[in-house]
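Participant: Sharing input.txt (compact mmCIF, C-alpha atoms and all ligand atoms) below.
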# COMPACT_ATOMS: atom_id res chain seq x y z
CA MET G 968 32.82 187.04 -18.92
CA ILE G 969 34.53 183.64 -19.16
CA ARG G 970 37.93 185.34 -19.29
CA TYR G 971 37.10 187.23 -16.08
CA ARG G 972 36.21 183.99 -14.24
CA ARG G 973 39.46 182.33 -15.25
CA SER G 974 41.59 185.18 -13.98
CA ALA G 975 39.60 185.21 -10.73
CA LEU G 976 40.40 181.51 -10.27
CA ARG G 977 44.10 182.21 -10.90
CA ALA G 978 44.09 185.10 -8.44
CA LYS G 979 42.58 183.10 -5.59
CA PRO G 980 45.72 181.15 -4.57
CA LEU G 981 47.75 184.38 -4.78
CA VAL G 982 45.32 186.16 -2.48
CA MET G 983 45.42 183.25 -0.04
CA LEU G 984 49.23 183.21 -0.14
CA ALA G 985 49.36 186.95 0.55
CA PHE G 986 46.88 186.48 3.40
CA ALA G 987 48.99 183.64 4.88
CA ALA G 988 52.15 185.76 4.66
CA LEU G 989 50.34 188.65 6.38
CA LEU G 990 49.12 186.33 9.13
CA ALA G 991 52.61 184.86 9.64
CA GLY G 992 54.04 188.37 9.84
CA ALA G 993 51.39 189.50 12.32
CA VAL G 994 51.95 186.44 14.54
CA GLY G 995 55.70 187.17 14.46
CA CYS G 996 54.95 190.60 15.89
CA GLN G 997 53.73 189.18 19.19
CA GLY G 998 56.02 189.71 22.20
CA PRO G 999 57.77 189.36 24.47
CA PHE G 1000 60.99 190.70 22.98
CA PRO G 1001 63.71 190.12 25.57
CA GLN G 1002 66.41 191.34 23.19
CA SER G 1003 64.66 194.28 21.55
CA THR G 1004 66.71 197.40 20.97
CA PHE G 1005 63.38 199.27 20.78
CA ASP G 1006 62.80 198.80 24.50
CA PRO G 1007 65.95 200.40 25.97
CA THR G 1008 66.62 200.73 29.69
CA THR G 1009 69.52 203.21 29.60
CA SER G 1010 69.84 206.77 28.29
CA PHE G 1011 72.47 205.41 25.91
CA GLY G 1012 69.98 202.86 24.55
CA ARG G 1013 67.29 205.53 24.23
CA ASP G 1014 69.70 207.79 22.32
CA LEU G 1015 70.43 204.98 19.85
CA ALA G 1016 66.76 204.00 19.46
CA GLY G 1017 65.88 207.68 18.93
CA LEU G 1018 68.57 208.06 16.28
CA PHE G 1019 67.38 204.91 14.54
CA GLY G 1020 63.80 206.24 14.55
CA LEU G 1021 64.89 209.57 13.10
CA ILE G 1022 66.86 207.96 10.26
CA PHE G 1023 64.04 205.46 9.65
CA TRP G 1024 61.50 208.28 9.14
CA TRP G 1025 63.90 210.17 6.87
CA GLY G 1026 64.10 206.93 4.86
CA VAL G 1027 60.30 206.67 4.77
CA GLY G 1028 60.09 210.29 3.53
CA VAL G 1029 62.62 209.65 0.74
CA PHE G 1030 60.82 206.42 -0.22
CA VAL G 1031 57.45 208.14 -0.50
CA VAL G 1032 58.79 211.08 -2.55
CA VAL G 1033 60.70 208.79 -4.94
CA GLU G 1034 57.83 206.32 -5.38
CA VAL G 1035 55.23 209.05 -5.95
CA GLY G 1036 57.56 210.58 -8.58
CA VAL G 1037 58.13 207.20 -10.28
CA VAL G 1038 54.43 206.33 -10.39
CA TYR G 1039 53.51 209.82 -11.65
CA VAL G 1040 56.11 209.65 -14.45
CA LEU G 1041 55.06 206.09 -15.41
CA ILE G 1042 51.45 207.14 -15.83
CA ARG G 1043 51.87 210.67 -17.16
CA PHE G 1044 54.52 209.83 -19.76
CA ARG G 1045 53.52 206.28 -20.70
CA ALA G 1046 53.66 205.36 -24.41
CA ARG G 1047 50.33 205.80 -26.19
CA PRO G 1048 49.50 204.25 -29.58
CA ASP G 1049 48.85 207.64 -31.15
CA GLY G 1050 51.16 209.63 -28.87
CA GLU G 1051 53.75 212.04 -30.12
CA GLN G 1052 57.45 211.36 -29.66
CA PRO G 1053 58.65 213.21 -26.52
CA VAL G 1054 61.15 216.00 -27.00
CA PRO G 1055 64.58 215.04 -25.54
CA ILE G 1056 65.89 217.51 -22.98
CA HIS G 1057 69.59 217.87 -22.25
CA GLY G 1058 70.28 219.50 -18.91
CA HIS G 1059 67.80 221.33 -16.73
CA THR G 1060 69.62 223.68 -14.36
CA ALA G 1061 66.88 223.95 -11.75
CA LEU G 1062 66.42 220.15 -11.61
CA GLU G 1063 70.19 219.52 -11.47
CA ILE G 1064 70.54 221.90 -8.53
CA ALA G 1065 67.49 220.46 -6.79
CA TRP G 1066 68.56 216.83 -6.94
CA THR G 1067 72.09 217.66 -5.84
CA LEU G 1068 70.98 219.87 -2.96
CA ALA G 1069 68.21 217.61 -1.65
CA PRO G 1070 70.42 214.54 -0.94
CA ALA G 1071 73.14 216.82 0.49
CA MET G 1072 70.59 218.32 2.90
CA ILE G 1073 69.32 214.86 3.85
CA ILE G 1074 72.89 213.75 4.62
CA VAL G 1075 73.34 216.83 6.83
CA PHE G 1076 70.05 216.11 8.65
CA ILE G 1077 71.27 212.55 9.33
CA ALA G 1078 74.91 213.42 10.10
CA VAL G 1079 74.28 216.16 12.68
CA PRO G 1080 72.19 214.09 15.13
CA THR G 1081 74.42 211.05 14.51
CA ILE G 1082 77.59 212.94 15.44
CA GLN G 1083 75.81 214.56 18.40
CA THR G 1084 74.82 211.10 19.64
CA ILE G 1085 78.36 209.77 19.22
CA TRP G 1086 79.81 212.70 21.17
CA ARG G 1087 77.22 212.37 23.91
CA ASP G 1088 77.67 208.62 24.42
CA ALA G 1089 81.20 207.69 23.41
CA GLY G 1090 82.91 209.60 26.20
CA PRO G 1091 83.74 208.26 29.66
CA ALA G 1092 80.86 207.84 32.10
CA ALA G 1093 79.90 210.57 34.54
CA ASP G 1094 81.25 210.96 38.08
CA ASN G 1095 82.26 207.89 40.04
CA PRO G 1096 81.32 205.21 37.50
CA LEU G 1097 81.44 201.54 38.40
CA GLU G 1098 84.23 200.04 36.30
CA VAL G 1099 83.77 196.52 35.00
CA GLN G 1100 86.36 194.78 32.87
CA ALA G 1101 84.64 192.46 30.41
CA ILE G 1102 86.92 189.95 28.71
CA GLY G 1103 85.67 187.77 25.86
CA HIS G 1104 86.88 184.17 25.75
CA GLN G 1105 85.99 181.31 23.41
CA TRP G 1106 83.11 180.92 24.46
CA TRP G 1107 82.32 182.63 27.73
CA TRP G 1108 82.51 186.00 29.45
CA GLU G 1109 84.80 187.08 32.26
CA PHE G 1110 83.69 190.05 34.36
CA ARG G 1111 86.15 191.73 36.75
CA TYR G 1112 85.24 194.39 39.30
CA PRO G 1113 88.57 196.00 40.31
CA GLU G 1114 86.80 198.23 42.85
CA TYR G 1115 85.58 195.18 44.79
CA GLY G 1116 88.23 192.59 43.90
CA ILE G 1117 85.57 190.33 42.33
CA VAL G 1118 86.09 188.06 39.32
CA THR G 1119 83.09 186.21 37.96
CA ALA G 1120 81.73 184.79 34.71
CA ASN G 1121 78.67 185.01 32.48
CA ASP G 1122 76.52 187.06 34.90
CA LEU G 1123 77.17 190.81 34.72
CA HIS G 1124 75.78 192.25 37.96
CA LEU G 1125 75.12 195.99 37.91
CA PRO G 1126 73.54 198.51 40.27
CA GLN G 1127 70.53 200.55 39.15
CA GLY G 1128 71.11 204.28 38.77
CA ARG G 1129 74.92 204.28 38.88
CA ALA G 1130 76.94 204.99 35.75
CA VAL G 1131 78.89 201.98 34.50
CA THR G 1132 81.98 201.91 32.34
CA VAL G 1133 82.51 198.50 30.77
CA GLN G 1134 86.09 198.10 29.55
CA LEU G 1135 86.03 195.61 26.69
CA THR G 1136 88.83 193.36 25.56
CA SER G 1137 89.41 189.79 24.44
CA ALA G 1138 91.67 186.96 25.53
CA ASP G 1139 91.76 185.28 22.13
CA VAL G 1140 89.77 186.26 19.00
CA ILE G 1141 87.40 189.13 18.23
CA HIS G 1142 84.10 188.97 20.14
CA SER G 1143 81.37 191.57 20.44
CA PHE G 1144 79.60 192.62 23.62
CA TRP G 1145 75.88 193.18 23.18
CA VAL G 1146 73.00 193.53 25.62
CA PRO G 1147 70.34 194.96 23.28
CA ARG G 1148 68.19 196.48 26.04
CA LEU G 1149 71.17 198.26 27.61
CA GLY G 1150 72.17 199.69 24.24
CA GLY G 1151 75.16 199.52 21.99
CA LYS G 1152 77.15 196.66 20.59
CA ARG G 1153 80.89 196.91 20.65
CA ASP G 1154 83.74 194.70 19.54
CA MET G 1155 86.13 193.10 22.02
CA LEU G 1156 89.54 193.04 20.37
CA PRO G 1157 92.57 191.15 21.64
CA GLY G 1158 95.27 193.59 22.76
CA ARG G 1159 92.96 196.59 22.62
CA ASN G 1160 90.55 198.31 24.97
CA ASN G 1161 87.12 199.46 23.90
CA ARG G 1162 84.60 201.08 26.21
CA LEU G 1163 80.85 201.27 26.69
CA SER G 1164 79.32 203.69 29.19
CA PHE G 1165 75.71 203.75 30.34
CA THR G 1166 73.53 204.06 33.41
CA PRO G 1167 70.97 201.26 33.87
CA ASP G 1168 67.65 202.69 35.02
CA SER G 1169 65.57 199.50 35.38
CA VAL G 1170 65.99 196.52 37.66
CA GLY G 1171 65.83 193.18 35.87
CA GLU G 1172 67.65 190.53 33.87
CA PHE G 1173 68.68 191.47 30.36
CA LEU G 1174 69.96 188.90 27.90
CA GLY G 1175 73.28 189.48 26.20
CA GLN G 1176 75.24 187.59 23.62
CA CYS G 1177 78.31 187.65 21.48
CA ALA G 1178 77.59 189.51 18.25
CA GLU G 1179 80.75 188.76 16.29
CA PHE G 1180 81.38 185.33 14.80
CA CYS G 1181 84.17 183.86 16.93
CA GLY G 1182 84.28 180.17 16.13
CA LEU G 1183 82.31 176.95 16.59
CA SER G 1184 80.30 177.95 19.67
CA HIS G 1185 79.77 181.62 18.83
CA ALA G 1186 76.01 181.05 19.16
CA ASN G 1187 76.58 179.48 22.59
CA MET G 1188 78.37 182.54 23.97
CA ARG G 1189 75.60 184.17 25.97
CA PHE G 1190 75.37 186.08 29.21
CA ARG G 1191 72.99 187.99 31.43
CA ALA G 1192 73.17 191.53 32.69
CA ILE G 1193 71.46 191.51 36.07
CA VAL G 1194 70.55 194.99 37.29
CA HIS G 1195 69.90 195.24 41.05
CA THR G 1196 68.72 198.02 43.32
CA ALA G 1197 71.67 199.66 45.06
CA ASP G 1198 71.03 197.65 48.24
CA ASP G 1199 70.72 194.32 46.43
CA PHE G 1200 73.91 195.07 44.51
CA ALA G 1201 75.74 195.78 47.78
CA ALA G 1202 74.43 192.46 49.10
CA TRP G 1203 75.69 190.67 45.98
CA VAL G 1204 79.13 192.28 46.40
CA ALA G 1205 79.23 191.22 50.07
CA ALA G 1206 78.23 187.66 49.16
CA GLN G 1207 80.92 187.45 46.46
CA ASN G 1208 83.55 188.67 48.91
CA SER G 1209 82.51 186.29 51.66
CA PRO G 1210 84.59 183.13 52.10
CA HIS G 1211 83.34 179.72 51.01
CA ALA G 1212 82.51 177.15 53.66
CA SER G 1213 85.70 175.91 55.30
CA GLU G 1214 87.09 172.54 54.19
CA ASP G 1215 86.35 171.05 57.59
CA SER G 1216 82.68 171.90 57.30
CA LEU G 1217 82.29 170.12 53.94
CA SER G 1218 80.47 166.80 53.79
CA THR G 1219 82.46 163.66 52.98
CA LEU G 1220 81.16 163.67 49.41
CA GLU G 1221 82.02 167.38 49.01
CA GLN G 1222 85.52 166.72 50.36
CA GLN G 1223 85.92 163.94 47.78
CA GLY G 1224 84.84 166.46 45.16
CA LEU G 1225 87.44 168.96 46.35
CA ALA G 1226 90.09 166.21 46.16
CA ALA G 1227 88.97 165.40 42.59
CA PHE G 1228 89.17 169.12 41.75
CA ARG G 1229 92.71 169.31 43.15
CA ALA G 1230 93.89 166.04 41.56
CA VAL G 1231 96.76 166.39 39.09
CA ARG G 1232 95.85 164.34 36.04
CA THR G 1233 97.65 163.16 32.95
CA PRO G 1234 98.06 165.16 30.82
CA ALA G 1235 98.28 168.02 33.32
CA SER G 1236 95.90 170.12 31.19
CA ASN G 1237 93.16 167.67 32.21
CA SER G 1238 93.39 168.86 35.83
CA CYS G 1239 90.60 171.18 37.01
CA ILE G 1240 93.16 173.35 38.84
CA ALA G 1241 95.10 173.92 35.59
CA CYS G 1242 92.36 176.25 34.31
CA HIS G 1243 89.98 177.28 37.11
CA ALA G 1244 90.46 179.49 40.15
CA ILE G 1245 88.68 178.97 43.46
CA GLN G 1246 89.64 181.09 46.47
CA ASN G 1247 92.22 179.33 48.68
CA VAL G 1248 92.22 176.31 46.33
CA SER G 1249 93.64 177.15 42.90
CA PHE G 1250 94.70 179.99 40.61
CA GLY G 1251 93.96 178.90 37.02
CA VAL G 1252 92.99 181.68 34.62
CA LEU G 1253 92.19 179.86 31.36
CA GLY G 1254 88.65 178.89 32.33
CA PRO G 1255 85.98 180.73 34.33
CA ASN G 1256 86.72 181.64 37.94
CA LEU G 1257 84.49 179.34 40.03
CA ASN G 1258 84.09 181.40 43.21
CA HIS G 1259 80.45 181.18 44.28
CA VAL G 1260 79.66 179.36 41.02
CA ALA G 1261 76.57 177.73 42.56
CA GLY G 1262 74.91 181.15 42.73
CA ARG G 1263 75.16 181.91 39.02
CA SER G 1264 72.10 182.00 36.79
CA THR G 1265 73.41 179.54 34.19
CA LEU G 1266 76.29 177.21 33.37
CA ALA G 1267 78.55 177.19 30.30
CA ALA G 1268 77.69 180.79 29.29
CA GLY G 1269 73.93 180.55 29.17
CA VAL G 1270 73.75 177.09 27.59
CA LEU G 1271 72.77 175.04 30.68
CA ASN G 1272 70.65 175.56 33.74
CA ASN G 1273 72.67 175.78 36.93
CA THR G 1274 71.41 172.44 38.29
CA ALA G 1275 73.16 169.30 39.55
CA GLU G 1276 71.95 167.32 36.52
CA ASP G 1277 73.19 169.86 33.98
CA LEU G 1278 76.50 170.29 35.79
CA ALA G 1279 77.01 166.52 35.77
CA ALA G 1280 76.27 166.38 32.03
CA TRP G 1281 78.73 169.23 31.44
CA LEU G 1282 81.52 167.52 33.42
CA ARG G 1283 80.89 164.24 31.58
CA ASP G 1284 81.31 165.61 28.05
CA PRO G 1285 81.53 169.40 27.55
CA ALA G 1286 82.01 169.20 23.78
CA ALA G 1287 78.74 167.26 23.40
CA ILE G 1288 76.93 170.27 24.86
CA LYS G 1289 79.08 173.03 23.45
CA PRO G 1290 80.80 172.19 20.15
CA GLY G 1291 84.49 173.03 20.21
CA SER G 1292 84.47 173.62 23.98
CA LEU G 1293 88.00 174.24 25.23
CA MET G 1294 87.13 172.37 28.42
CA PRO G 1295 88.36 168.85 27.70
CA THR G 1296 86.46 165.64 28.27
CA ILE G 1297 88.72 164.18 30.92
CA GLY G 1298 87.08 160.80 31.44
CA LEU G 1299 85.83 161.34 34.99
CA SER G 1300 84.27 158.33 36.70
CA GLN G 1301 80.62 158.56 37.75
CA GLN G 1302 81.78 158.67 41.39
CA GLU G 1303 84.15 161.59 40.64
CA ILE G 1304 81.39 163.46 38.79
CA THR G 1305 78.94 163.00 41.69
CA ALA G 1306 81.56 164.23 44.17
CA LEU G 1307 82.62 167.19 41.98
CA VAL G 1308 79.00 168.24 41.50
CA ALA G 1309 78.44 168.12 45.28
CA TYR G 1310 81.59 170.19 45.91
CA LEU G 1311 80.93 172.80 43.18
CA ARG G 1312 77.34 173.20 44.34
CA SER G 1313 78.62 173.93 47.84
CA LEU G 1314 80.30 177.09 46.47
CA ARG G 1315 77.36 179.36 47.18
CU1 LIG L 1401 82.37 185.39 20.91
CU2 LIG L 1401 81.03 185.25 18.96
Any chance you could put this one into structure tokens?
Ligand code: CUA
Facilitator:
Amino acid sequence: MIRYRRSALRAKPLVMLAFAALLAGAVGCQGPFPQSTFDPTTSFGRDLAGLFGLIFWWGVGVFVVVEVGVVYVLIRFRARPDGEQPVPIHGHTALEIAWTLAPAMIIVFIAVPTIQTIWRDAGPAADNPLEVQAIGHQWWWEFRYPEYGIVTANDLHLPQGRAVTVQLTSADVIHSFWVPRLGGKRDMLPGRNNRLSFTPDSVGEFLGQCAEFCGLSHANMRFRAIVHTADDFAAWVAAQNSPHASEDSLSTLEQQGLAAFRAVRTPASNSCIACHAIQNVSFGVLGPNLNHVAGRSTLAAGVLNNTAEDLAAWLRDPAAIKPGSLMPTIGLSQQEITALVAYLRSLR
């Protein structure tokens, strides 16, 4: 009786620990899950989620069969004080055939749907796909739309219901393109083209990120896929192709900002125009193209809000916000920062 009480006392903390772990796990299961691969919005994503589900349930089946066998053998053939010595068996033809055939069949059941899925989804997109060239940079995303002559950064705008082919490459090191709810995850390799094809079927904003370690700010290399209705996408294209406000129509402060943007600094690599392109102003290609930058959802590849305050902080000291940032801290005066912010925010 006493022994029973002692063990009950010992068990109590264990039970409480197990309960706490269960509670923590259950709380972790609450949504929303903006980057869940189990909530796909393309046929490609659904194919992958379906394949994962199939293989998962095969795994569950194998687990159950193996565990039931192990537990049965442990109990049935356990050592007993007065038990007889078991008779050793060498070779059992039926068993040997069974446990060779069973795994081979399981591999076939996994391989056939896997290869079917690869063939269905790895090919080029259907008729008249929208082609987007996605180029990974340390640590931001360049998106080019050759069909419309648009170059933008960190917001991937797509139309609902039209097939998209995303051509993937990198300007420097290996990155990986991943928007979990659109499906897939594919490396962007310098000097090589990879491809992802899918048709978005839901309007909305879907978070993406780099999925291949690419240096100091790998975790700060984020983007958004923004899926529009066909009409809204056409409006976005028209807005991107519209000219910025003319220089004459800029306010005095905005004109000072444009002058600061154009200024050639020492060293020359500290000049804004050395790296950034703005229509009719500059042609830099090392940093993000800044056409209509004020209309983007974020700054610095998803790290900052696209507000005047955040833009000012970014111009003051990029590396403080994004470790390793290739945009240098160029020692702008407060007046220059205020003017540059006003000018950049005029690029709507
Ligand atoms: Cu780019 Cu990690």
Participant: Can you work out which one of G:Arg1153, G:Arg1312, G:Lys979, G:Arg1159 has the shortest atom-to-atom distance to ligand LIG 1401 (chain L), counting all atoms listed in the file?
Facilitator: G:Arg1153
Participant: Residues within 12 Å of ligand LIG 1401 (chain L) should be enumerated using all atoms listed in the file and returned as a ChimeraX atom specification.
Facilitator: /G:1102-1109,1136-1145,1153-1157,1175-1190,1268
Participant: For the selection just defined, write its residues with C-alpha atoms to a file, as a compact mmCIF listing (two decimals), keeping the file's coordinate frame.
Facilitator:
# COMPACT_ATOMS: atom_id res chain seq x y z
CA ILE G 1102 86.92 189.95 28.71
CA GLY G 1103 85.67 187.77 25.86
CA HIS G 1104 86.88 184.17 25.75
CA GLN G 1105 85.99 181.31 23.41
CA TRP G 1106 83.11 180.92 24.46
CA TRP G 1107 82.32 182.63 27.73
CA TRP G 1108 82.51 186.00 29.45
CA GLU G 1109 84.80 187.08 32.26
CA THR G 1136 88.83 193.36 25.56
CA SER G 1137 89.41 189.79 24.44
CA ALA G 1138 91.67 186.96 25.53
CA ASP G 1139 91.76 185.28 22.13
CA VAL G 1140 89.77 186.26 19.00
CA ILE G 1141 87.40 189.13 18.23
CA HIS G 1142 84.10 188.97 20.14
CA SER G 1143 81.37 191.57 20.44
CA PHE G 1144 79.60 192.62 23.62
CA TRP G 1145 75.88 193.18 23.18
CA ARG G 1153 80.89 196.91 20.65
CA ASP G 1154 83.74 194.70 19.54
CA MET G 1155 86.13 193.10 22.02
CA LEU G 1156 89.54 193.04 20.37
CA PRO G 1157 92.57 191.15 21.64
CA GLY G 1175 73.28 189.48 26.20
CA GLN G 1176 75.24 187.59 23.62
CA CYS G 1177 78.31 187.65 21.48
CA ALA G 1178 77.59 189.51 18.25
CA GLU G 1179 80.75 188.76 16.29
CA PHE G 1180 81.38 185.33 14.80
CA CYS G 1181 84.17 183.86 16.93
CA GLY G 1182 84.28 180.17 16.13
CA LEU G 1183 82.31 176.95 16.59
CA SER G 1184 80.30 177.95 19.67
CA HIS G 1185 79.77 181.62 18.83
CA ALA G 1186 76.01 181.05 19.16
CA ASN G 1187 76.58 179.48 22.59
CA MET G 1188 78.37 182.54 23.97
CA ARG G 1189 75.60 184.17 25.97
CA PHE G 1190 75.37 186.08 29.21
CA ALA G 1268 77.69 180.79 29.29
Participant: How many Å lie between atom CA of G:Val1248 and atom CA of G:Arg1229, rounded to one decimal?
Facilitator: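 Distance reported for this atom pair: 7.7 Å.
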Participant: Env of G:Arg1162: 6 Å cut, atoms = only C-alpha atoms, seq-sep filter 5 positions within chain, self excluded. Answer as a ChimeraX atom specification.
Facilitator: /G:1133-1135
Participant: Check the smallest atom-to-atom distance from each of G:Ser1164, G:Ser1238, G:Gln1246, G:Ser1313 to G:Ile1085 using only C-alpha atoms, then report the winner.
Facilitator: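 Smallest distance to G:Ile1085 is found for G:Ser1164.
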Participant: Considering only C-alpha atoms, can you say which of G:Tyr1115, G:Phe1173, G:Phe1044, G:Phe1023 comes closest to G:Pro1007?
Facilitator: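 Distance minimum relative to G:Pro1007 lands on G:Phe1173.
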Participant: Select, from G:Leu1257, G:Val1170, G:Leu1278, G:Ala1202, the residue with the minimum atom-to-atom distance to G:Thr1119, counting only C-alpha atoms.
Facilitator: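 Under the stated criterion, the closest residue is G:Leu1257.
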Participant: Rank nothing, just name the residue among G:Gln1002, G:Ala1306, G:Phe1076, G:Val1252 nearest to G:Trp1025, using only C-alpha atoms.
Facilitator: G:Phe1076
Participant: For a cutoff of 10 Å around the file-coordinate point (68.7, 190.7, 33.5), which residues qualify once you count all atoms listed in the file? I'd like the result as a PyMOL selection string.
Facilitator: chain G and resi 1001+1122-1125+1146+1148-1149+1169-1175+1190-1195+1264
Participant: Rank G:Gly1116, G:Pro1080, G:Gly1150, G:Gly1291 by their smallest atom-to-atom distance to G:Leu1021, using only C-alpha atoms, and report the top residue only.
Facilitator: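 With only C-alpha atoms as the atom set, the closest residue is G:Pro1080.
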Participant: Find the residues around G:Thr1233 up to 12 Å (only C-alpha atoms counted), leave out those fewer than 5 positions away in its own chain, and share them as a PyMOL selection string.
Facilitator: chain G and resi 1238-1239+1241+1297-1298
Participant: Taking all listed atoms of stretch 1126-1138 of chain G, build the axis-aligned box, pad each of the six sides by 6 Å, then write its centre and edge lengths in Å to one decimal as lines of an AutoDock Vina configuration file.
Facilitator:
center_x = 81.1
center_y = 196.0
center_z = 32.4
size_x = 33.1
size_y = 30.0
size_z = 27.8
Participant: Report, in Å with one decimal, the straight-line distance from atom CA of G:Ala1197 to atom CA of G:Leu1097.
Facilitator: 12.0 Å
Participant: If you measure from atom CA of G:Thr1305 to atom CA of G:Gln1207, what distance in Å do you get, rounded to one decimal?
Facilitator: 25.0 Å
Participant: Considering only C-alpha atoms, return as an MDAnalysis selection string whatever protein or nucleic-acid residues lie within 7 Å of G:Ile1304, sequence-local ones (same chain, fewer than 4 positions apart) excluded.
Facilitator: chainID G and resid 1279 1282 1299:1300 1308
Participant: Mind listing as a list of chain:residue names all residues within 12 Å of (82.1, 191.0, 49.9), counting all atoms listed in the file?
Facilitator: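 Residues satisfying the cut-off, written out: G:Tyr1112, G:Glu1114, G:Tyr1115, G:Gly1116, G:Ile1117, G:Val1118, G:Phe1200, G:Ala1201, G:Ala1202, G:Trp1203, G:Val1204, G:Ala1205, G:Ala1206, G:Gln1207, G:Asn1208, G:Ser1209, G:Pro1210, G:His1211, G:Asn1258, G:His1259.
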Participant: Keeping only C-alpha atoms, write the selected residues as a JSON list (two decimals), in the frame of the given file.
Facilitator:
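The resulting file, again-v5.json, is reproduced below:
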[["chain", "number", "residue", "atom", "x", "y", "z"],
["G", 1112, "TYR", "CA", 85.24, 194.39, 39.30],
["G", 1114, "GLU", "CA", 86.80, 198.23, 42.85],
["G", 1115, "TYR", "CA", 85.58, 195.18, 44.79],
["G", 1116, "GLY", "CA", 88.23, 192.59, 43.90],
["G", 1117, "ILE", "CA", 85.57, 190.33, 42.33],
["G", 1118, "VAL", "CA", 86.09, 188.06, 39.32],
["G", 1200, "PHE", "CA", 73.91, 195.07, 44.51],
["G", 1201, "ALA", "CA", 75.74, 195.78, 47.78],
["G", 1202, "ALA", "CA", 74.43, 192.46, 49.10],
["G", 1203, "TRP", "CA", 75.69, 190.67, 45.98],
["G", 1204, "VAL", "CA", 79.13, 192.28, 46.40],
["G", 1205, "ALA", "CA", 79.23, 191.22, 50.07],
["G", 1206, "ALA", "CA", 78.23, 187.66, 49.16],
["G", 1207, "GLN", "CA", 80.92, 187.45, 46.46],
["G", 1208, "ASN", "CA", 83.55, 188.67, 48.91],
["G", 1209, "SER", "CA", 82.51, 186.29, 51.66],
["G", 1210, "PRO", "CA", 84.59, 183.13, 52.10],
["G", 1211, "HIS", "CA", 83.34, 179.72, 51.01],
["G", 1258, "ASN", "CA", 84.09, 181.40, 43.21],
["G", 1259, "HIS", "CA", 80.45, 181.18, 44.28]]
